[in-house]
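Comments concern the structure below.
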Amino acid sequence: MELNYKQHNWYFIFTTIATILAFCAILLGTYTRLKDAGLGCPDWPGCYGQMTVPNSQSEISQAMSLFPNLPLEPGKAWLEMVHRYFAGTLGLIIFFLAIWAPIRKFRLPDQPIVVPLILALLVIFQATLGMWTVTWQLHPLVVMGHLLGGMTILALLWWLFLKTGRFFQNYQVNPISGSSFPLFAENAGKKLQPWAILGIIVVGIQIFLGGWTSANYASLACTSFPTCNGGFFPMTDFHQAFNFLNPTLAGNLPMPARVAIHLTHRFWGLVTGFYLIALSVYLIATRRLKNLGWIIVILIGLQIILGILNVKLLLPLPIALAHTAVAAFVLLSLVTLIYMLYSIRAREVK
């Protein structure tokens, strides 16, 4: 990784802060979900009609008068509000970056404008999903969409972080002389790019399936590995499991449908693992990309282990959080790869 430290500027610093906040917001959302605190505050954006969790006796009495059938649980309410505070702060910084980008473009021609604007639109969409998560009582489509939106924001912020930090500006892929692999010939950046983009798509599907598994409480639909509840062919209902046009509210899917969701997540996890390991072999063979290739291999191995432990140990909180964190790191490693190849190809064109 090559970095010109003279390029460190306030825009880069705010982008870095936003990226860290996005990662923390994803983990906080997962933690809130696992602690069953997604409805810790029954309204939005406040909590029982206030912008903080009711604390004094008068505030609690007022909250109970507004929501008489929803007793206040301070621990869960604060967990939900802390998540909202992180997300709100992140949103404000992203709006600031989006407004600042066109102004900065006059002085720096390579300043990205499209990505900050897309991020601002995604923040609005995420805020809407956050509201629907509460008002629609943790509807699976909304919960899954909220996770995908968060991961997309993190990925775009990471791209902006790499771009504004001017990372890998002089990075090159050294072809392997005499290699039988056509990908290692000339224009390596151009030839590797489609495979890296396909990797993003494969990982995106797996993240979607992970979100759908969590949203429908299907993480423990199978409690054994490699079998499912002691058998390789348990009863499944794929039609109801993936009936997105008429989904059942969270927690109400019958067990065969949950098993189908769980097994689909497992199967695509194998596809994802095999594809990314194969891609990593190519990266390692290019020599200059071998470090990133090894990082992806290690992350995939760790993710597989965490997935198995989640099943075997019945979804312990630290391991479940680590599973989400590693998924985010896998995504960011592929974004890094695409950015590096994009930089290489830009120089090849010149």
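In the structure tokens, chains take letters A, B, ... by order of appearance, with residues numbered from 1 within each chain and ligands from 1 in the order shown.
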
Sorted per-residue table, segment 103-211 of chain A near segment 45-52 of chain A, closest atoms and distance, 10 Å, only C-alpha atoms, as CSV:
```
residue,atom,partner,partner_atom,distance
A:Ala127,CA,A:Pro45,CA,9.2
A:Gly130,CA,A:Pro45,CA,8.6
A:Met131,CA,A:Pro45,CA,7.1
A:Val134,CA,A:Pro45,CA,9.4
```

Write a file of the selected residues as a JSON list (two decimals), in the first residue's frame, keeping N, CA and C atoms.
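Contents of out23.json, as written:
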```json
[["chain", "number", "residue", "atom", "x", "y", "z"],
["A", 127, "ALA", "N", -32.63, 5.68, 6.33],
["A", 127, "ALA", "CA", -33.46, 6.28, 7.38],
["A", 127, "ALA", "C", -34.91, 5.83, 7.25],
["A", 130, "GLY", "N", -35.08, 2.36, 8.47],
["A", 130, "GLY", "CA", -35.01, 2.36, 9.92],
["A", 130, "GLY", "C", -36.36, 2.66, 10.55],
["A", 131, "MET", "N", -37.08, 3.61, 9.96],
["A", 131, "MET", "CA", -38.42, 3.92, 10.45],
["A", 131, "MET", "C", -39.36, 2.73, 10.23],
["A", 134, "VAL", "N", -39.27, -0.24, 12.64],
["A", 134, "VAL", "CA", -40.06, -0.09, 13.86],
["A", 134, "VAL", "C", -41.55, -0.14, 13.58]]
```

Using only C-alpha atoms, find each residue in segment 224-301 of chain A having at least one atom no more than 8 Å away from segment 331-335 of chain A; report its shortest atom-to-atom pair and that distance in Å (one decimal), rows by chain then rising number, as a Markdown table.
```
| residue | atom | partner | partner_atom | distance |
| --- | --- | --- | --- | --- |
| A:Leu292 | CA | A:Ser333 | CA | 7.3 |
| A:Ile295 | CA | A:Ser333 | CA | 7.8 |
| A:Ile296 | CA | A:Ser333 | CA | 6.8 |
```

Output C-alpha atoms for every residue in that selection, as a PDB file, in the first residue's frame.
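Result saved to again24.pdb:
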```pdb
ATOM      1  CA  LEU A 292      -4.612  -9.245  -0.753  1.00  0.00           C
ATOM      2  CA  ILE A 295      -6.063 -11.821   3.236  1.00  0.00           C
ATOM      3  CA  ILE A 296      -9.154 -13.034   1.369  1.00  0.00           C
TER       4      ILE A 296
END
```

Checklist line | Atomic separation - atom CA of Arg84 of chain A relative to atom CA of Leu157 of chain A, Å | finding: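 Interatomic distance, atom CA of Leu157 of chain A to atom CA of Arg84 of chain A: 18.8 Å.
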
Item checked: Shell of 12 Å around Phe274 of chain A, only C-alpha atoms, local chain residues under 3 positions omitted, as a list in words ->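 After dropping sequence-adjacent residues, the list is Gly199, Val202, Val203, Phe267, Trp268, Gly269, Leu270, Val271, Ile277, Ala278, Leu279, Ser280, Val281, Ile296, Val297, Ile300, Gly301 and Ile304 of chain A.
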
Notebook entry, point to check: Contacts of segment 27-42 of chain A at 6 Å or less, counting only C-alpha atoms, minus same-chain residues fewer than 2 places along, as a list in words?
Noted result: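 Answer for this query is Cys24, Ala25, Cys47, Lys76, Ala77, Glu80 and His83 of chain A.
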
Checklist line | segment 15-23 of chain A environment, 10 Å, only C-alpha atoms, sequence neighbours closer than 3 positions dropped, as number ranges by chain | finding: A: 9-12, 26-29, 86-94, 97, 116, 150-162, 164-165, 325, 328-329

Checklist line | Between atom CA of Met144 of chain A and atom CA of Asn310 of chain A - distance in Å to one decimal | finding: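 Rounded to one decimal, the two atoms are 19.3 Å apart.
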
Next item on the list: Grab the atom CA of Ile113 of chain A to atom CA of Trp132 of chain A distance for me, in Å with one decimal place.
Entry: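 Those two atoms sit 29.3 Å apart.
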
Margin query: For the structure I just gave you, how does DSSP split segment 131-269 of chain A - specifically, which residues are helix (DSSP H, G or I)? Reply as a ChimeraX atom specification.
Written below: /A:131-135,140-164,182-184,188-215,238-241,255-269

Check: With only C-alpha atoms as the basis for distance, which of A:Val326, A:Ser224, A:Gln193, A:Phe238 is at the shortest distance from Ile298 of chain A?
Finding: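 Comparing A:Val326, A:Ser224, A:Gln193, A:Phe238 against Ile298 of chain A, the winner is A:Val326.
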
Item checked: Contacts of Gly145 of chain A within 10 Å, only C-alpha atoms, excl. fewer than 2 positions in-chain, as a PyMOL selection string -> chain A and resi 125-126+129-130+133+139-143+147-151+208+211-212+215

Item checked: Shell around Ile60 of chain A at 12 Å using only C-alpha atoms, local window under 4 positions removed, as a PyMOL selection string -> chain A and resi 47-50+52-56+64-68+70-74
